[in-house]
file protein34.cif (mmCIF, C-alpha atoms)
data_entry
#
loop_
_atom_site.group_PDB
_atom_site.id
_atom_site.type_symbol
_atom_site.label_atom_id
_atom_site.label_comp_id
_atom_site.auth_asym_id
_atom_site.auth_seq_id
_atom_site.Cartn_x
_atom_site.Cartn_y
_atom_site.Cartn_z
ATOM 1 C CA MET A 1 -29.828 48.585 12.903
ATOM 2 C CA ILE A 2 -32.838 47.250 14.817
ATOM 3 C CA THR A 3 -33.159 43.503 14.593
ATOM 4 C CA LYS A 4 -36.526 41.811 14.253
ATOM 5 C CA ALA A 5 -36.251 40.298 17.747
ATOM 6 C CA GLN A 6 -35.539 43.673 19.348
ATOM 7 C CA ASN A 7 -38.367 45.237 17.368
ATOM 8 C CA ASP A 8 -40.777 42.565 18.640
ATOM 9 C CA LEU A 9 -39.687 43.138 22.247
ATOM 10 C CA GLN A 10 -40.054 46.912 21.892
ATOM 11 C CA HIS A 11 -43.524 46.311 20.516
ATOM 12 C CA TYR A 12 -44.447 44.664 23.833
ATOM 13 C CA GLY A 13 -42.869 47.540 25.817
ATOM 14 C CA MET A 14 -40.840 45.180 28.049
ATOM 15 C CA ASP A 15 -37.618 44.811 26.109
ATOM 16 C CA SER A 16 -35.232 45.697 28.977
ATOM 17 C CA ILE A 17 -36.765 43.274 31.512
ATOM 18 C CA ILE A 18 -37.242 40.408 29.087
ATOM 19 C CA SER A 19 -33.892 40.861 27.364
ATOM 20 C CA SER A 20 -32.076 40.837 30.707
ATOM 21 C CA THR A 21 -33.890 37.652 31.715
ATOM 22 C CA ILE A 22 -33.087 35.959 28.412
ATOM 23 C CA ILE A 23 -29.398 36.888 28.568
ATOM 24 C CA VAL A 24 -28.979 35.766 32.188
ATOM 25 C CA ARG A 25 -30.766 32.455 31.662
ATOM 26 C CA LYS A 26 -28.828 31.771 28.470
ATOM 27 C CA LEU A 27 -25.525 32.368 30.261
ATOM 28 C CA GLN A 28 -26.698 29.940 32.940
ATOM 29 C CA GLY A 29 -27.127 27.252 30.283
ATOM 30 C CA TYR A 30 -30.891 27.348 29.825
ATOM 31 C CA SER A 31 -32.274 26.367 26.449
ATOM 32 C CA ALA A 32 -34.467 28.706 24.403
ATOM 33 C CA ALA A 33 -37.505 26.524 25.143
ATOM 34 C CA ALA A 34 -36.851 26.621 28.911
ATOM 35 C CA ILE A 35 -36.390 30.399 28.819
ATOM 36 C CA THR A 36 -39.640 30.785 26.876
ATOM 37 C CA ARG A 37 -41.585 28.720 29.408
ATOM 38 C CA GLU A 38 -40.236 30.830 32.273
ATOM 39 C CA ILE A 39 -41.021 34.155 30.596
ATOM 40 C CA GLN A 40 -44.503 33.051 29.520
ATOM 41 C CA LYS A 41 -45.468 32.701 33.204
ATOM 42 C CA THR A 42 -45.581 36.510 33.416
ATOM 43 C CA HIS A 43 -45.675 37.515 29.730
ATOM 44 C CA THR A 44 -47.941 35.162 27.798
ATOM 45 C CA ASN A 45 -47.542 37.045 24.527
ATOM 46 C CA ILE A 46 -43.839 36.136 24.190
ATOM 47 C CA THR A 47 -43.272 33.226 21.809
ATOM 48 C CA TYR A 48 -40.454 30.745 21.404
ATOM 49 C CA LYS A 49 -39.552 32.251 18.020
ATOM 50 C CA THR A 50 -39.191 35.727 19.551
ATOM 51 C CA VAL A 51 -36.851 34.428 22.244
ATOM 52 C CA LEU A 52 -34.812 32.424 19.753
ATOM 53 C CA ASN A 53 -34.443 35.410 17.408
ATOM 54 C CA PHE A 54 -33.297 37.598 20.295
ATOM 55 C CA ILE A 55 -30.681 35.035 21.374
ATOM 56 C CA ARG A 56 -29.313 34.868 17.845
ATOM 57 C CA ALA A 57 -29.280 38.673 17.552
ATOM 58 C CA HIS A 58 -27.463 38.966 20.879
ATOM 59 C CA LYS A 59 -24.779 36.505 19.739
ATOM 60 C CA GLN A 60 -24.310 38.421 16.498
ATOM 61 C CA GLN A 61 -23.997 41.734 18.352
ATOM 62 C CA ARG A 62 -21.354 40.264 20.668
ATOM 63 C CA ALA A 63 -19.476 39.013 17.596
ATOM 64 C CA GLY A 64 -19.721 42.435 15.950
ATOM 65 C CA ILE A 65 -22.196 41.306 13.281
ATOM 66 C CA SER A 66 -25.074 43.642 12.535
ATOM 67 C CA GLN A 67 -28.056 42.379 10.566
ATOM 68 C CA PRO A 68 -30.776 44.617 9.173
ATOM 69 C CA PHE A 69 -34.403 44.176 10.008
ATOM 70 C CA ARG A 70 -35.684 41.086 8.237
ATOM 71 C CA GLY A 71 -39.003 40.762 6.546
ATOM 72 C CA ARG A 72 -39.357 44.480 5.907
ATOM 73 C CA LYS A 73 -42.605 45.330 4.174
ATOM 74 C CA PHE A 74 -42.755 48.149 1.646
ATOM 75 C CA VAL A 75 -45.393 50.839 1.954
ATOM 76 C CA ALA A 76 -47.741 51.553 -0.948
ATOM 77 C CA SER A 77 -45.706 54.474 -2.287
ATOM 78 C CA GLU A 78 -42.499 52.408 -2.274
ATOM 79 C CA VAL A 79 -44.212 49.518 -4.038
ATOM 80 C CA GLU A 80 -45.448 51.833 -6.790
ATOM 81 C CA GLU A 81 -41.974 53.329 -7.136
ATOM 82 C CA ILE A 82 -40.402 49.888 -7.493
ATOM 83 C CA LYS A 83 -43.039 48.735 -9.987
ATOM 84 C CA SER A 84 -42.590 51.874 -12.067
ATOM 85 C CA PHE A 85 -38.835 51.307 -12.112
ATOM 86 C CA ILE A 86 -39.289 47.675 -13.216
ATOM 87 C CA SER A 87 -41.658 48.701 -16.022
ATOM 88 C CA ASN A 88 -39.208 51.306 -17.315
ATOM 89 C CA ILE A 89 -36.328 48.824 -17.289
ATOM 90 C CA TYR A 90 -38.253 46.153 -19.190
ATOM 91 C CA ALA A 91 -39.535 48.739 -21.664
ATOM 92 C CA THR A 92 -35.963 49.352 -22.791
ATOM 93 C CA ASN A 93 -34.537 45.858 -22.288
ATOM 94 C CA ASN A 94 -36.758 42.848 -21.628
ATOM 95 C CA GLU A 95 -33.799 40.457 -21.258
ATOM 96 C CA VAL A 96 -32.662 41.780 -17.865
ATOM 97 C CA THR A 97 -32.306 38.909 -15.392
ATOM 98 C CA SER A 98 -33.754 38.987 -11.894
ATOM 99 C CA THR A 99 -30.279 39.149 -10.331
ATOM 100 C CA THR A 100 -29.322 42.158 -12.431
ATOM 101 C CA LEU A 101 -32.666 43.826 -11.771
ATOM 102 C CA MET A 102 -32.307 43.422 -7.992
ATOM 103 C CA LYS A 103 -28.875 45.064 -8.152
ATOM 104 C CA MET A 104 -30.249 47.930 -10.240
ATOM 105 C CA ILE A 105 -33.084 48.532 -7.756
ATOM 106 C CA LYS A 106 -30.608 48.467 -4.872
ATOM 107 C CA GLU A 107 -28.204 50.900 -6.540
ATOM 108 C CA THR A 108 -30.840 53.275 -7.953
ATOM 109 C CA LEU A 109 -33.666 53.270 -5.400
ATOM 110 C CA GLY A 110 -31.890 51.911 -2.344
ATOM 111 C CA TYR A 111 -34.469 49.155 -1.742
ATOM 112 C CA ASP A 112 -33.361 45.617 -0.943
ATOM 113 C CA VAL A 113 -35.897 43.602 -2.937
ATOM 114 C CA LYS A 114 -35.703 39.826 -2.596
ATOM 115 C CA ARG A 115 -36.134 37.479 -5.532
ATOM 116 C CA THR A 116 -39.544 36.206 -4.406
ATOM 117 C CA MET A 117 -40.822 39.761 -3.983
ATOM 118 C CA LEU A 118 -39.457 40.697 -7.402
ATOM 119 C CA LYS A 119 -41.258 37.747 -9.002
ATOM 120 C CA LYS A 120 -44.466 38.897 -7.322
ATOM 121 C CA PHE A 121 -44.057 42.445 -8.647
ATOM 122 C CA ARG A 122 -43.345 41.211 -12.177
ATOM 123 C CA LYS A 123 -46.396 38.965 -12.101
ATOM 124 C CA GLN A 124 -48.596 41.844 -10.947
ATOM 125 C CA LEU A 125 -47.268 43.967 -13.811
ATOM 126 C CA GLY A 126 -48.152 41.240 -16.308
ATOM 127 C CA PHE A 127 -44.623 40.230 -17.289
ATOM 128 C CA VAL A 128 -44.167 36.563 -18.208
ATOM 129 C CA CYS A 129 -40.780 34.857 -18.158
ATOM 130 C CA LYS A 130 -40.100 32.820 -21.298
ATOM 131 C CA SER A 131 -36.982 30.848 -22.098
ATOM 132 C CA THR A 132 -35.381 31.419 -25.477
ATOM 133 C CA LYS A 133 -33.297 29.177 -27.655
ATOM 134 C CA SER A 134 -29.635 29.916 -27.323
ATOM 135 C CA GLY A 135 -26.289 28.358 -27.972
ATOM 136 C CA HIS A 136 -22.602 28.718 -27.296
ATOM 137 C CA LEU A 137 -20.812 31.984 -27.969
ATOM 138 C CA ILE A 138 -19.297 32.325 -31.427
ATOM 139 C CA ARG A 139 -16.272 34.503 -32.039
ATOM 140 C CA SER A 140 -16.763 37.442 -34.376
ATOM 141 C CA VAL A 141 -14.301 36.105 -36.930
ATOM 142 C CA ASN A 142 -16.238 32.837 -37.151
ATOM 143 C CA GLN A 143 -19.545 34.698 -37.302
ATOM 144 C CA GLU A 144 -18.305 36.385 -40.454
ATOM 145 C CA LYS A 145 -17.314 33.007 -41.926
ATOM 146 C CA ARG A 146 -20.719 31.517 -41.095
ATOM 147 C CA LEU A 147 -22.572 34.488 -42.551
ATOM 148 C CA GLU A 148 -20.522 34.469 -45.748
ATOM 149 C CA PHE A 149 -20.864 30.709 -46.167
ATOM 150 C CA CYS A 150 -24.632 30.529 -45.554
ATOM 151 C CA THR A 151 -25.343 33.561 -47.730
ATOM 152 C CA HIS A 152 -23.360 32.048 -50.584
ATOM 153 C CA MET A 153 -25.018 28.647 -50.217
ATOM 154 C CA LEU A 154 -28.474 30.204 -50.291
ATOM 155 C CA ASP A 155 -27.586 32.316 -53.316
ATOM 156 C CA ILE A 156 -26.373 29.347 -55.378
ATOM 157 C CA LYS A 157 -29.294 27.151 -54.208
ATOM 158 C CA VAL A 158 -27.213 24.250 -52.938
ATOM 159 C CA CYS A 159 -28.787 20.782 -52.957
ATOM 160 C CA ILE A 160 -27.671 18.482 -50.105
ATOM 161 C CA THR A 161 -28.357 14.739 -50.279
ATOM 162 C CA VAL A 162 -27.045 11.459 -48.898
ATOM 163 C CA GLU A 163 -24.417 9.720 -51.011
ATOM 164 C CA ASN A 164 -25.576 6.187 -50.204
ATOM 165 C CA THR A 165 -29.095 6.777 -51.530
ATOM 166 C CA ASN A 166 -28.217 8.309 -54.911
ATOM 167 C CA ILE A 167 -26.763 6.910 -58.108
ATOM 168 C CA ILE A 168 -25.055 9.418 -60.384
ATOM 169 C CA GLU A 169 -24.006 8.588 -63.925
ATOM 170 C CA GLU A 170 -20.343 9.508 -63.759
ATOM 171 C CA GLU A 171 -19.798 8.661 -67.434
ATOM 172 C CA ARG A 172 -21.878 11.733 -68.286
ATOM 173 C CA PHE A 173 -18.958 13.933 -67.284
ATOM 174 C CA ARG A 174 -16.427 11.882 -69.254
ATOM 175 C CA SER A 175 -17.995 11.698 -72.670
ATOM 176 C CA LEU A 176 -20.716 13.243 -74.706
ATOM 177 C CA SER A 177 -22.349 9.833 -75.150
ATOM 178 C CA PRO A 178 -23.127 8.385 -71.714
ATOM 179 C CA THR A 179 -23.347 4.658 -71.348
ATOM 180 C CA VAL A 180 -26.642 2.931 -70.687
ATOM 181 C CA CYS A 181 -27.246 2.382 -66.976
ATOM 182 C CA SER A 182 -28.885 -0.673 -65.560
ATOM 183 C CA ARG A 183 -32.234 -0.379 -63.811
ATOM 184 C CA THR A 184 -31.897 1.183 -60.381
ATOM 185 C CA LYS A 185 -32.619 -0.737 -57.209
ATOM 186 C CA ALA A 186 -35.620 0.084 -55.031
ATOM 187 C CA GLN A 187 -33.582 1.661 -52.232
ATOM 188 C CA TYR A 188 -31.887 4.168 -54.522
ATOM 189 C CA ASN A 189 -33.178 7.469 -55.861
ATOM 190 C CA TRP A 190 -32.494 9.117 -59.173
ATOM 191 C CA ILE A 191 -32.292 12.890 -59.176
ATOM 192 C CA LEU A 192 -32.003 15.581 -61.836
ATOM 193 C CA ILE A 193 -29.769 18.546 -61.013
ATOM 194 C CA PRO A 194 -30.237 21.860 -62.877
ATOM 195 C CA GLU A 195 -27.088 23.665 -63.980
ATOM 196 C CA SER A 196 -27.881 26.547 -61.584
ATOM 197 C CA VAL A 197 -27.812 24.285 -58.527
ATOM 198 C CA LEU A 198 -24.724 23.136 -56.639
ATOM 199 C CA PHE A 199 -24.947 19.493 -55.597
ATOM 200 C CA LYS A 200 -23.245 18.356 -52.385
ATOM 201 C CA ARG A 201 -23.456 14.840 -50.995
ATOM 202 C CA THR A 202 -22.566 13.352 -47.619
ATOM 203 C CA THR A 203 -21.724 9.863 -46.349
ATOM 204 C CA ILE A 204 -23.843 9.455 -43.218
ATOM 205 C CA PRO A 205 -22.582 5.988 -42.021
ATOM 206 C CA ASN A 206 -19.212 7.465 -41.029
ATOM 207 C CA ILE A 207 -19.817 9.677 -37.975
ATOM 208 C CA GLN A 208 -16.878 11.902 -38.891
ATOM 209 C CA ALA A 209 -17.974 12.095 -42.492
ATOM 210 C CA SER A 210 -17.436 15.308 -44.362
ATOM 211 C CA ILE A 211 -19.627 16.500 -47.167
ATOM 212 C CA GLN A 212 -17.968 15.955 -50.519
ATOM 213 C CA GLY A 213 -18.757 18.336 -53.322
ATOM 214 C CA ILE A 214 -19.537 17.751 -56.973
ATOM 215 C CA ASP A 215 -18.914 21.133 -58.519
ATOM 216 C CA LEU A 216 -21.226 21.676 -61.490
ATOM 217 C CA LEU A 217 -20.401 25.392 -61.567
ATOM 218 C CA ASN A 218 -16.611 24.988 -61.434
ATOM 219 C CA TRP A 219 -16.690 26.247 -57.890
ATOM 220 C CA ALA A 220 -14.921 24.853 -54.842
ATOM 221 C CA SER A 221 -15.721 25.537 -51.217
ATOM 222 C CA ASP A 222 -14.953 24.148 -47.807
ATOM 223 C CA ALA A 223 -16.949 21.187 -46.556
ATOM 224 C CA LEU A 224 -20.129 22.059 -44.689
ATOM 225 C CA THR A 225 -18.967 20.411 -41.484
ATOM 226 C CA GLY A 226 -15.652 22.246 -41.737
ATOM 227 C CA LEU A 227 -17.148 25.499 -40.488
ATOM 228 C CA PRO A 228 -15.708 26.411 -37.065
ATOM 229 C CA GLU A 229 -18.072 26.656 -34.094
ATOM 230 C CA SER A 230 -21.041 25.509 -36.181
ATOM 231 C CA PRO A 231 -22.693 22.436 -34.640
ATOM 232 C CA ASP A 232 -26.095 23.814 -35.684
ATOM 233 C CA LEU A 233 -25.074 23.308 -39.330
ATOM 234 C CA ASN A 234 -23.995 19.701 -38.796
ATOM 235 C CA PRO A 235 -26.806 17.102 -39.056
ATOM 236 C CA ILE A 236 -24.656 14.550 -37.219
ATOM 237 C CA GLU A 237 -24.956 16.715 -34.090
ATOM 238 C CA LYS A 238 -28.741 16.333 -34.316
ATOM 239 C CA VAL A 239 -28.392 12.561 -34.518
ATOM 240 C CA TRP A 240 -26.139 12.484 -31.458
ATOM 241 C CA HIS A 241 -28.566 14.658 -29.507
ATOM 242 C CA GLN A 242 -31.559 12.465 -30.343
ATOM 243 C CA LEU A 243 -29.601 9.293 -29.549
ATOM 244 C CA LYS A 244 -28.553 10.542 -26.104
ATOM 245 C CA HIS A 245 -32.074 11.775 -25.366
ATOM 246 C CA TYR A 246 -33.552 8.407 -26.382
ATOM 247 C CA LEU A 247 -31.125 6.440 -24.210
ATOM 248 C CA ARG A 248 -31.531 8.743 -21.216
ATOM 249 C CA THR A 249 -35.333 9.109 -21.199
ATOM 250 C CA GLU A 250 -36.727 5.991 -22.889
ATOM 251 C CA TYR A 251 -34.381 3.025 -23.127
ATOM 252 C CA LYS A 252 -32.396 3.728 -19.918
ATOM 253 C CA PRO A 253 -29.558 1.178 -20.222
ATOM 254 C CA VAL A 254 -28.030 -0.249 -17.050
ATOM 255 C CA SER A 255 -25.046 -2.106 -18.515
ATOM 256 C CA LYS A 256 -22.768 -2.118 -21.532
ATOM 257 C CA ASP A 257 -24.848 -4.807 -23.260
ATOM 258 C CA THR A 258 -28.101 -2.906 -22.796
ATOM 259 C CA LEU A 259 -26.369 0.272 -23.995
ATOM 260 C CA ILE A 260 -25.313 -1.429 -27.220
ATOM 261 C CA ALA A 261 -28.802 -2.875 -27.621
ATOM 262 C CA GLY A 262 -30.312 0.568 -27.070
ATOM 263 C CA ILE A 263 -28.113 2.134 -29.742
ATOM 264 C CA ARG A 264 -29.077 -0.580 -32.221
ATOM 265 C CA GLN A 265 -32.743 -0.172 -31.347
ATOM 266 C CA PHE A 266 -32.504 3.577 -31.929
ATOM 267 C CA TRP A 267 -30.763 3.040 -35.251
ATOM 268 C CA LYS A 268 -33.412 0.578 -36.450
ATOM 269 C CA THR A 269 -36.549 2.356 -35.242
ATOM 270 C CA ARG A 270 -35.711 6.070 -35.216
ATOM 271 C CA MET A 271 -33.217 6.599 -38.037
ATOM 272 C CA THR A 272 -35.703 6.097 -40.836
ATOM 273 C CA VAL A 273 -35.381 7.465 -44.364
ATOM 274 C CA ASP A 274 -37.872 10.236 -43.618
ATOM 275 C CA GLN A 275 -36.028 11.222 -40.450
ATOM 276 C CA CYS A 276 -32.697 11.401 -42.277
ATOM 277 C CA CYS A 277 -34.301 13.570 -44.937
ATOM 278 C CA ARG A 278 -35.602 15.906 -42.239
ATOM 279 C CA TYR A 279 -32.151 16.163 -40.666
ATOM 280 C CA ILE A 280 -30.570 17.082 -43.983
ATOM 281 C CA GLY A 281 -33.405 19.375 -45.048
ATOM 282 C CA HIS A 282 -33.172 21.201 -41.732
ATOM 283 C CA ILE A 283 -29.818 22.630 -42.801
ATOM 284 C CA HIS A 284 -31.577 24.931 -45.276
ATOM 285 C CA LYS A 285 -33.714 26.376 -42.469
ATOM 286 C CA VAL A 286 -30.659 26.907 -40.266
ATOM 287 C CA MET A 287 -28.804 28.675 -43.073
ATOM 288 C CA LYS A 288 -31.618 31.215 -43.375
ATOM 289 C CA ILE A 289 -31.570 31.858 -39.626
ATOM 290 C CA VAL A 290 -27.775 32.250 -39.585
ATOM 291 C CA ARG A 291 -28.026 34.760 -42.412
ATOM 292 C CA ASP A 292 -30.761 36.721 -40.605
ATOM 293 C CA VAL A 293 -28.800 36.884 -37.308
ATOM 294 C CA ASN A 294 -25.543 37.893 -39.040
ATOM 295 C CA GLY A 295 -23.688 34.668 -38.351
ATOM 296 C CA GLU A 296 -24.603 34.242 -34.696
ATOM 297 C CA HIS A 297 -25.912 30.968 -33.248
ATOM 298 C CA SER A 298 -29.242 29.976 -34.768
ATOM 299 C CA GLY A 299 -30.599 28.321 -31.621
ATOM 300 C CA GLU A 300 -31.415 25.189 -33.617
#
call {"tool": "encode", "arguments": {"input": "protein34.cif", "output": "structure tokens"}}
result
Amino acid sequence: MITKAQNDLQHYGMDSIISSTIIVRKLQGYSAAAITREIQKTHTNITYKTVLNFIRAHKQQRAGISQPFRGRKFVASEVEEIKSFISNIYATNNEVTSTTLMKMIKETLGYDVKRTMLKKFRKQLGFVCKSTKSGHLIRSVNQEKRLEFCTHMLDIKVCITVENTNIIEEERFRSLSPTVCSRTKAQYNWILIPESVLFKRTTIPNIQASIQGIDLLNWASDALTGLPESPDLNPIEKVWHQLKHYLRTEYKPVSKDTLIAGIRQFWKTRMTVDQCCRYIGHIHKVMKIVRDVNGEHSGE
């Protein structure tokens, strides 16, 4: 292999004289700068970088290390060949990473394309890198459970609400003549549930709360948060994510007291009724995505 330093010296046509001078002076203890100044008295076109590269190449050759020519430029035909190869790869699979693509070019075409050069080629071809939503890997057995669960929930039109904000007349299930209920308070909501809808309620104040079911169709199922490997179907995970993001980017606590104050501030200002409704309502959207991707992670 011809190193870049040797190639530069051959370009000047004085490689044997200059290389001998550099080696002798280096063995005598001269620095690269001192050697450059001496050589430039007779060869003004020799630079410090050329001398330094030659010294490094000479050390590597003595140690038995051979480096290829650095900074190799591709000719026009090679560039077109590489670009054509990149286009064909992305036409079949547009999720190939740059590392994988560089290995494929090396193995197939024999060209050592660096990452910066590859980015330049992709930009010239019009390819734009976009990040996609992704999540942790889910085992196939749990994918089947997620798909079955979400499909069933969508088929029966499940209604998910918060237990603390609803009053349900339990006497209605005990007798044909329900008792008269007192007037509801302002912070509570009354809801009507059709017979074709399954109603499930959750207790949000307890972080480890599970969703309890009221089975109007004489049907029993596992709790929603009981699904394995399913943080995207748990609204509490959304709350934790928003809380950590708020503390890290906005409140920025510096002590235990400020951390506690930040959590309380988040709970008072961010966890509004509308926000809680959005968290719970988001589950319906996630269920549709899980069903469409056959139980894989929804990216939500």
call {"tool": "resolve_selection", "arguments": {"input": "protein34.cif", "expression": "the PyMOL selection byres ((chain A and resi 111-116) around 12)", "output": "MDAnalysis selection string"}}
result
chainID A and resid 68:75 78:79 81:83 85:86 97:110 117:123
call {"tool": "closest_residue", "arguments": {"input": "protein34.cif", "among": "A:Glu300, A:Gly295, A:Arg37, A:Tyr279", "to": "Glu144 of chain A", "atoms": "only C-alpha atoms"}}
result
A:Gly295
call {"tool": "atom_distance", "arguments": {"input": "protein34.cif", "atom1": "atom CA of Ser31 of chain A", "atom2": "atom CA of Leu52 of chain A"}}
result
9.4 Å
call {"tool": "axis_aligned_box", "arguments": {"input": "protein34.cif", "around": "segment 258-266 of chain A", "padding_each_side": "6 Å", "output": "AutoDock Vina command-line options"}}
result
--center_x -29.0 --center_y 0.3 --center_z -27.5 --size_x 19.4 --size_y 18.5 --size_z 21.4
call {"tool": "residues_around", "arguments": {"input": "protein34.cif", "residues": "His282 of chain A", "least_positions_apart": "4", "cutoff": "9 Å", "atoms": "all atoms listed in the file", "output": "count of residues only"}}
result
6
call {"tool": "closest_residue", "arguments": {"input": "protein34.cif", "among": "A:Asn88, A:Thr47, A:Gln40, A:Ser140", "to": "His297 of chain A", "atoms": "all atoms listed in the file"}}
result
A:Ser140
call {"tool": "atom_distance", "arguments": {"input": "protein34.cif", "atom1": "atom CA of Lys256 of chain A", "atom2": "atom CA of Gln275 of chain A"}}
result
26.7 Å
call {"tool": "resolve_selection", "arguments": {"input": "protein34.cif", "expression": "the PyMOL selection byres ((chain A and resi 138) around 9)", "output": "VMD selection string"}}
result
chain A and resid 135 to 137 139 to 143 228 to 230 295 to 297
call {"tool": "atom_distance", "arguments": {"input": "protein34.cif", "atom1": "atom CA of Thr258 of chain A", "atom2": "atom CA of Trp240 of chain A"}}
result
17.8 Å
call {"tool": "closest_residue", "arguments": {"input": "protein34.cif", "among": "A:Ile39, A:Leu247, A:Cys129, A:Ile46", "to": "Arg270 of chain A", "atoms": "only C-alpha atoms"}}
result
A:Leu247
